[in-house]
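File shown: work09.cif. Contents: mmCIF, C-alpha atoms and all ligand atoms.
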```
data_entry
#
loop_
_atom_site.group_PDB
_atom_site.id
_atom_site.type_symbol
_atom_site.label_atom_id
_atom_site.label_comp_id
_atom_site.auth_asym_id
_atom_site.auth_seq_id
_atom_site.Cartn_x
_atom_site.Cartn_y
_atom_site.Cartn_z
ATOM 1 C CA MET P 19 0.000 0.000 0.000
ATOM 2 C CA LYS P 20 1.097 3.523 -0.770
ATOM 3 C CA THR P 21 -0.449 6.879 0.015
ATOM 4 C CA TYR P 22 -1.460 9.016 -2.961
ATOM 5 C CA THR P 23 -2.602 12.627 -2.905
ATOM 6 C CA LEU P 24 -5.173 13.343 -5.598
ATOM 7 C CA SER P 25 -7.213 16.295 -6.774
ATOM 8 C CA VAL P 26 -10.699 14.945 -7.403
ATOM 9 C CA ASN P 27 -13.399 17.424 -8.412
ATOM 10 C CA ASN P 28 -11.259 20.257 -7.016
ATOM 11 C CA LYS P 29 -10.864 18.602 -3.620
ATOM 12 C CA THR P 30 -7.525 17.323 -2.392
ATOM 13 C CA ILE P 31 -7.804 13.830 -0.998
ATOM 14 C CA LYS P 32 -5.404 11.214 0.291
ATOM 15 C CA VAL P 33 -5.899 7.585 -0.688
ATOM 16 C CA GLU P 34 -4.068 4.454 0.430
ATOM 17 C CA ALA P 35 -3.954 1.959 -2.421
ATOM 18 C CA GLU P 36 -1.849 -0.590 -4.204
ATOM 19 C CA PRO P 37 -0.047 1.099 -7.123
ATOM 20 C CA GLU P 38 -1.819 -1.015 -9.741
ATOM 21 C CA THR P 39 -5.339 -0.193 -8.465
ATOM 22 C CA PRO P 40 -7.352 1.217 -11.391
ATOM 23 C CA MET P 41 -8.724 4.720 -10.849
ATOM 24 C CA LEU P 42 -12.221 3.295 -11.443
ATOM 25 C CA TRP P 43 -12.027 1.393 -8.153
ATOM 26 C CA VAL P 44 -10.166 4.172 -6.350
ATOM 27 C CA LEU P 45 -13.017 6.543 -7.175
ATOM 28 C CA ARG P 46 -15.845 4.119 -6.481
ATOM 29 C CA ASP P 47 -14.543 2.204 -3.468
ATOM 30 C CA TYR P 48 -12.081 4.535 -1.750
ATOM 31 C CA VAL P 49 -13.460 7.975 -2.590
ATOM 32 C CA GLY P 50 -17.149 6.951 -2.670
ATOM 33 C CA LEU P 51 -17.946 8.475 -6.075
ATOM 34 C CA LYS P 52 -20.213 5.873 -7.672
ATOM 35 C CA GLY P 53 -21.152 7.817 -10.822
ATOM 36 C CA THR P 54 -18.216 6.342 -12.735
ATOM 37 C CA LYS P 55 -19.361 2.915 -13.925
ATOM 38 C CA PHE P 56 -17.750 -0.461 -14.468
ATOM 39 C CA GLY P 57 -18.714 -1.936 -17.820
ATOM 40 C CA CYS P 58 -16.074 -4.145 -19.423
ATOM 41 C CA GLY P 59 -12.961 -3.488 -17.348
ATOM 42 C CA MET P 60 -10.923 -3.746 -20.555
ATOM 43 C CA GLY P 61 -10.967 -0.232 -21.990
ATOM 44 C CA LEU P 62 -13.589 -1.133 -24.588
ATOM 45 C CA CYS P 63 -16.938 0.333 -23.498
ATOM 46 C CA GLY P 64 -16.320 3.835 -22.102
ATOM 47 C CA ALA P 65 -18.631 3.475 -19.071
ATOM 48 C CA CYS P 66 -15.721 4.360 -16.781
ATOM 49 C CA THR P 67 -14.698 7.583 -18.588
ATOM 50 C CA ILE P 68 -13.300 10.378 -16.419
ATOM 51 C CA HIS P 69 -11.175 13.420 -17.186
ATOM 52 C CA VAL P 70 -7.559 13.662 -16.134
ATOM 53 C CA ASP P 71 -5.987 17.039 -16.844
ATOM 54 C CA GLY P 72 -8.755 17.764 -19.335
ATOM 55 C CA GLN P 73 -8.414 14.518 -21.291
ATOM 56 C CA ALA P 74 -11.148 11.874 -21.355
ATOM 57 C CA ILE P 75 -9.575 8.595 -20.244
ATOM 58 C CA ARG P 76 -10.712 5.087 -19.331
ATOM 59 C CA SER P 77 -10.398 4.864 -15.567
ATOM 60 C CA CYS P 78 -10.509 1.032 -15.638
ATOM 61 C CA GLN P 79 -7.210 1.100 -17.538
ATOM 62 C CA THR P 80 -5.510 3.786 -15.457
ATOM 63 C CA PRO P 81 -3.620 2.563 -12.394
ATOM 64 C CA ILE P 82 -3.420 5.145 -9.636
ATOM 65 C CA SER P 83 0.383 5.060 -9.790
ATOM 66 C CA THR P 84 0.365 6.358 -13.385
ATOM 67 C CA LEU P 85 -1.186 9.725 -12.423
ATOM 68 C CA LYS P 86 1.039 12.731 -11.908
ATOM 69 C CA ALA P 87 1.072 14.101 -8.369
ATOM 70 C CA ASN P 88 -0.911 17.220 -9.238
ATOM 71 C CA SER P 89 -3.222 15.742 -11.887
ATOM 72 C CA LYS P 90 -6.725 17.188 -11.881
ATOM 73 C CA ILE P 91 -9.377 14.479 -11.977
ATOM 74 C CA ILE P 92 -12.959 15.335 -12.832
ATOM 75 C CA THR P 93 -15.776 12.796 -12.637
ATOM 76 C CA ILE P 94 -19.458 12.928 -13.561
ATOM 77 C CA GLU P 95 -20.118 14.331 -10.069
ATOM 78 C CA GLY P 96 -17.797 17.228 -10.951
ATOM 79 C CA VAL P 97 -19.748 17.831 -14.147
ATOM 80 C CA SER P 98 -22.951 18.143 -12.152
ATOM 81 C CA GLU P 99 -21.159 20.726 -9.986
ATOM 82 C CA GLY P 100 -20.120 22.625 -13.144
ATOM 83 C CA LEU P 101 -16.406 22.279 -12.479
ATOM 84 C CA HIS P 102 -15.256 22.534 -16.110
ATOM 85 C CA ALA P 103 -17.197 25.728 -16.434
ATOM 86 C CA ALA P 104 -20.783 25.568 -15.425
ATOM 87 C CA LYS P 105 -21.790 26.649 -18.910
ATOM 88 C CA ILE P 106 -20.487 23.614 -20.779
ATOM 89 C CA ASP P 107 -21.262 21.111 -18.011
ATOM 90 C CA HIS P 108 -24.809 22.248 -17.417
ATOM 91 C CA VAL P 109 -25.534 22.829 -21.100
ATOM 92 C CA VAL P 110 -24.565 19.225 -21.827
ATOM 93 C CA GLN P 111 -26.544 17.884 -18.858
ATOM 94 C CA ASN P 112 -29.611 19.898 -19.860
ATOM 95 C CA ALA P 113 -29.337 18.727 -23.470
ATOM 96 C CA TRP P 114 -29.275 15.124 -22.194
ATOM 97 C CA ILE P 115 -32.452 15.793 -20.215
ATOM 98 C CA GLU P 116 -34.224 17.684 -22.998
ATOM 99 C CA GLU P 117 -33.455 15.029 -25.609
ATOM 100 C CA GLN P 118 -34.351 12.277 -23.083
ATOM 101 C CA VAL P 119 -31.155 10.447 -24.018
ATOM 102 C CA PRO P 120 -30.889 7.710 -21.357
ATOM 103 C CA GLN P 121 -32.804 4.465 -21.538
ATOM 104 C CA CYS P 122 -31.359 2.190 -18.856
ATOM 105 C CA GLY P 123 -28.825 4.949 -18.101
ATOM 106 C CA TYR P 124 -25.884 2.762 -17.161
ATOM 107 C CA CYS P 125 -23.440 4.048 -19.779
ATOM 108 C CA GLN P 126 -24.603 7.660 -19.694
ATOM 109 C CA SER P 127 -22.136 9.130 -17.222
ATOM 110 C CA GLY P 128 -19.352 7.895 -19.497
ATOM 111 C CA GLN P 129 -21.209 9.244 -22.537
ATOM 112 C CA ILE P 130 -21.542 12.673 -20.906
ATOM 113 C CA MET P 131 -17.874 12.744 -19.884
ATOM 114 C CA SER P 132 -16.885 12.032 -23.485
ATOM 115 C CA ALA P 133 -19.386 14.563 -24.851
ATOM 116 C CA VAL P 134 -18.024 17.315 -22.573
ATOM 117 C CA ALA P 135 -14.454 16.506 -23.685
ATOM 118 C CA LEU P 136 -15.537 16.535 -27.333
ATOM 119 C CA LEU P 137 -17.294 19.914 -27.035
ATOM 120 C CA LYS P 138 -14.338 21.455 -25.203
ATOM 121 C CA ALA P 139 -12.036 20.391 -28.056
ATOM 122 C CA ASN P 140 -14.530 21.015 -30.863
ATOM 123 C CA PRO P 141 -17.392 23.381 -29.953
ATOM 124 C CA ASN P 142 -19.305 22.731 -33.177
ATOM 125 C CA PRO P 143 -18.813 19.093 -34.187
ATOM 126 C CA SER P 144 -20.295 17.555 -37.341
ATOM 127 C CA ASP P 145 -22.209 14.255 -37.264
ATOM 128 C CA GLU P 146 -19.006 12.553 -38.401
ATOM 129 C CA ASP P 147 -16.932 14.257 -35.672
ATOM 130 C CA ILE P 148 -19.461 13.091 -33.057
ATOM 131 C CA ASP P 149 -19.615 9.533 -34.364
ATOM 132 C CA THR P 150 -15.814 9.301 -34.518
ATOM 133 C CA TYR P 151 -15.199 10.807 -31.072
ATOM 134 C CA MET P 152 -17.992 8.917 -29.334
ATOM 135 C CA ALA P 153 -17.258 5.565 -31.014
ATOM 136 C CA GLY P 154 -15.501 4.264 -27.895
ATOM 137 C CA ASN P 155 -18.605 4.731 -25.742
ATOM 138 C CA ILE P 156 -20.909 1.757 -26.142
ATOM 139 C CA CYS P 157 -24.641 1.941 -25.358
ATOM 140 C CA ARG P 158 -26.475 -1.381 -25.221
ATOM 141 C CA CYS P 159 -29.839 0.420 -25.458
ATOM 142 C CA GLY P 160 -28.760 2.089 -28.709
ATOM 143 C CA THR P 161 -29.261 5.718 -27.671
ATOM 144 C CA TYR P 162 -26.744 6.899 -30.266
ATOM 145 C CA VAL P 163 -29.203 8.994 -32.302
ATOM 146 C CA ARG P 164 -30.330 10.878 -29.184
ATOM 147 C CA ILE P 165 -26.727 11.272 -28.023
ATOM 148 C CA ARG P 166 -25.873 12.874 -31.337
ATOM 149 C CA LYS P 167 -28.923 15.168 -31.114
ATOM 150 C CA ALA P 168 -28.038 16.175 -27.554
ATOM 151 C CA ILE P 169 -24.465 17.017 -28.537
ATOM 152 C CA HIS P 170 -25.693 19.157 -31.452
ATOM 153 C CA SER P 171 -28.177 20.845 -29.163
ATOM 154 C CA ALA P 172 -25.477 21.532 -26.534
ATOM 155 C CA ALA P 173 -23.209 22.946 -29.260
ATOM 156 C CA LYS P 174 -25.755 25.654 -30.245
HETATM 157 FE FE1 LIG I 1 -13.573 0.898 -18.605
HETATM 158 FE FE2 LIG I 1 -15.373 -0.465 -20.084
HETATM 159 S S1 LIG I 1 -15.223 -0.296 -17.890
HETATM 160 S S2 LIG I 1 -13.846 0.940 -20.772
#
```

In structure tokens, write the structure found in this file.
Amino acid sequence: MKTYTLSVNNKTIKVEAEPETPMLWVLRDYVGLKGTKFGCGMGLCGACTIHVDGQAIRSCQTPISTLKANSKIITIEGVSEGLHAAKIDHVVQNAWIEEQVPQCGYCQSGQIMSAVALLKANPNPSDEDIDTYMAGNICRCGTYVRIRKAIHSAAK
């Protein structure tokens, strides 16, 4: 076990963990943030997407020891607090609600994390940009058409 100091949703926290512990389990089991979901555990589905220093990453494939000491981690809970900038976070959340995107909802925190990262990098994405960027986020309910609509609506 080693002690790590992390910045999670703008709060500094200390966590004792084995170096190889994936950030997914650090967040869920040690920090108590359950919004980040376990889907495949293999980097294939996107349910576990979080932001580290502004980049969308797969937390199931990111051991705690690979983070830099002062890395800024933002989770879906941070999006609901508007930590990126309330405008983009809340605009994306509201678009998700208005377009009634979720069906079962399980993958949607990962979808929203990817959508926020996409819109920060590309504020006015085309259908192709959206499909390419979001391709790593799988939705078993097939909400892709509504996801695309919500991203366009958030981009306006
Ligand atoms: Fe991490 Fe599927 S749980 S990509």

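Omitting Met152 of chain P and its sequence neighbours fewer than 2 positions away, and counting all atoms listed in the file, the residues within 8 Å are P:Gln129, P:Ser132, P:Ala133, P:Ile148, P:Asp149, P:Thr150, P:Gly154, P:Asn155.
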
Pull C-alpha atoms from the residues just selected and write them as a PDB file, in the frame of the given file.
```pdb
ATOM      1  CA  GLN P 129     -21.209   9.244 -22.537  1.00  0.00           C
ATOM      2  CA  SER P 132     -16.885  12.032 -23.485  1.00  0.00           C
ATOM      3  CA  ALA P 133     -19.386  14.563 -24.851  1.00  0.00           C
ATOM      4  CA  ILE P 148     -19.461  13.091 -33.057  1.00  0.00           C
ATOM      5  CA  ASP P 149     -19.615   9.533 -34.364  1.00  0.00           C
ATOM      6  CA  THR P 150     -15.814   9.301 -34.518  1.00  0.00           C
ATOM      7  CA  GLY P 154     -15.501   4.264 -27.895  1.00  0.00           C
ATOM      8  CA  ASN P 155     -18.605   4.731 -25.742  1.00  0.00           C
TER       9      ASN P 155
END
```

Just checking: using all atoms listed in the file, which residue out of P:Ile169, P:Gly64, P:Lys29, P:Cys125 ends up closest to Asn140 of chain P?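 Counting all atoms listed in the file, the residue closest to Asn140 of chain P is P:Ile169.
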
Which protein, DNA or RNA residues have an atom within 10 Å of ligand LIG 1 (chain I), counting only C-alpha atoms and all ligand atoms, as an NGL selection string? :P and (40-42 or 54-68 or 75-80 or 125 or 128 or 154-156)

Output the residue selection produced by the PyMOL selection byres (((chain P and resi 170) around 12) and not hetatm) on the file above, formatted as a ChimeraX atom specification. /P:109-110,113-114,117,133-134,136-137,140-149,163-169,171-174

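Of the residues under consideration (P:Arg46, P:His69, P:Lys105, P:Lys52), P:His69 shows the shortest atom-to-atom contact distance to Ile92 of chain P when counting only C-alpha atoms.
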
With all atoms listed in the file as the basis for distance, which of P:Met131, P:Val26, P:Cys157, P:Ala35 is at the shortest distance from Ser83 of chain P?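 The shortest atom-to-atom distance to Ser83 of chain P comes from P:Ala35.
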
So what does the PyMOL selection byres (((chain P and resi 34) around 6) and not hetatm) actually pick up in this one, as a PyMOL selection string? chain P and resi 20-21+33+35

note - atom CA of Gly72 of chain P and atom CA of Lys90 of chain P are separated by 7.7 Å

Distance atom CA of Ile130 of chain P-atom CA of Ser98 of chain P, one decimal place?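 Pair atom CA of Ile130 of chain P / atom CA of Ser98 of chain P returns 10.4 Å.
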
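Proximity of P:Met19, P:Val97, P:Ala135, P:Ala74 to Pro37 of chain P, computed with all atoms listed in the file, is greatest for P:Met19.
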
Missing atoms in segment 66-81 of chain P need filling: write out N, CA and C atoms for it as an mmCIF file, in the coordinates of the input.
```
data_model
loop_
_atom_site.group_PDB
_atom_site.id
_atom_site.type_symbol
_atom_site.label_atom_id
_atom_site.label_comp_id
_atom_site.auth_asym_id
_atom_site.auth_seq_id
_atom_site.Cartn_x
_atom_site.Cartn_y
_atom_site.Cartn_z
ATOM 1 N N CYS P 66 -16.552 3.892 -17.898
ATOM 2 C CA CYS P 66 -15.721 4.360 -16.781
ATOM 3 C C CYS P 66 -14.990 5.670 -17.089
ATOM 4 N N THR P 67 -15.437 6.392 -18.133
ATOM 5 C CA THR P 67 -14.698 7.583 -18.588
ATOM 6 C C THR P 67 -14.677 8.683 -17.525
ATOM 7 N N ILE P 68 -13.490 9.204 -17.281
ATOM 8 C CA ILE P 68 -13.300 10.378 -16.419
ATOM 9 C C ILE P 68 -12.368 11.328 -17.161
ATOM 10 N N HIS P 69 -12.155 12.501 -16.605
ATOM 11 C CA HIS P 69 -11.175 13.420 -17.186
ATOM 12 C C HIS P 69 -9.972 13.526 -16.262
ATOM 13 N N VAL P 70 -8.800 13.411 -16.867
ATOM 14 C CA VAL P 70 -7.559 13.662 -16.134
ATOM 15 C C VAL P 70 -6.829 14.764 -16.893
ATOM 16 N N ASP P 71 -6.619 15.871 -16.216
ATOM 17 C CA ASP P 71 -5.987 17.039 -16.844
ATOM 18 C C ASP P 71 -6.658 17.383 -18.178
ATOM 19 N N GLY P 72 -7.983 17.329 -18.170
ATOM 20 C CA GLY P 72 -8.755 17.764 -19.335
ATOM 21 C C GLY P 72 -8.934 16.704 -20.416
ATOM 22 N N GLN P 73 -8.285 15.568 -20.278
ATOM 23 C CA GLN P 73 -8.414 14.518 -21.291
ATOM 24 C C GLN P 73 -9.379 13.444 -20.798
ATOM 25 N N ALA P 74 -10.257 12.982 -21.699
ATOM 26 C CA ALA P 74 -11.148 11.874 -21.355
ATOM 27 C C ALA P 74 -10.332 10.587 -21.398
ATOM 28 N N ILE P 75 -10.345 9.847 -20.293
ATOM 29 C CA ILE P 75 -9.575 8.595 -20.244
ATOM 30 C C ILE P 75 -10.445 7.479 -19.650
ATOM 31 N N ARG P 76 -10.011 6.252 -19.874
ATOM 32 C CA ARG P 76 -10.712 5.087 -19.331
ATOM 33 C C ARG P 76 -10.141 4.791 -17.948
ATOM 34 N N SER P 77 -10.939 5.022 -16.928
ATOM 35 C CA SER P 77 -10.398 4.864 -15.567
ATOM 36 C C SER P 77 -10.121 3.400 -15.225
ATOM 37 N N CYS P 78 -10.772 2.458 -15.930
ATOM 38 C CA CYS P 78 -10.509 1.032 -15.638
ATOM 39 C C CYS P 78 -9.122 0.615 -16.094
ATOM 40 N N GLN P 79 -8.530 1.426 -16.979
ATOM 41 C CA GLN P 79 -7.210 1.100 -17.538
ATOM 42 C C GLN P 79 -6.132 2.043 -17.014
ATOM 43 N N THR P 80 -6.442 2.769 -15.949
ATOM 44 C CA THR P 80 -5.510 3.786 -15.457
ATOM 45 C C THR P 80 -5.144 3.507 -14.004
ATOM 46 N N PRO P 81 -4.033 2.806 -13.775
ATOM 47 C CA PRO P 81 -3.620 2.563 -12.394
ATOM 48 C C PRO P 81 -3.310 3.875 -11.677
#
```
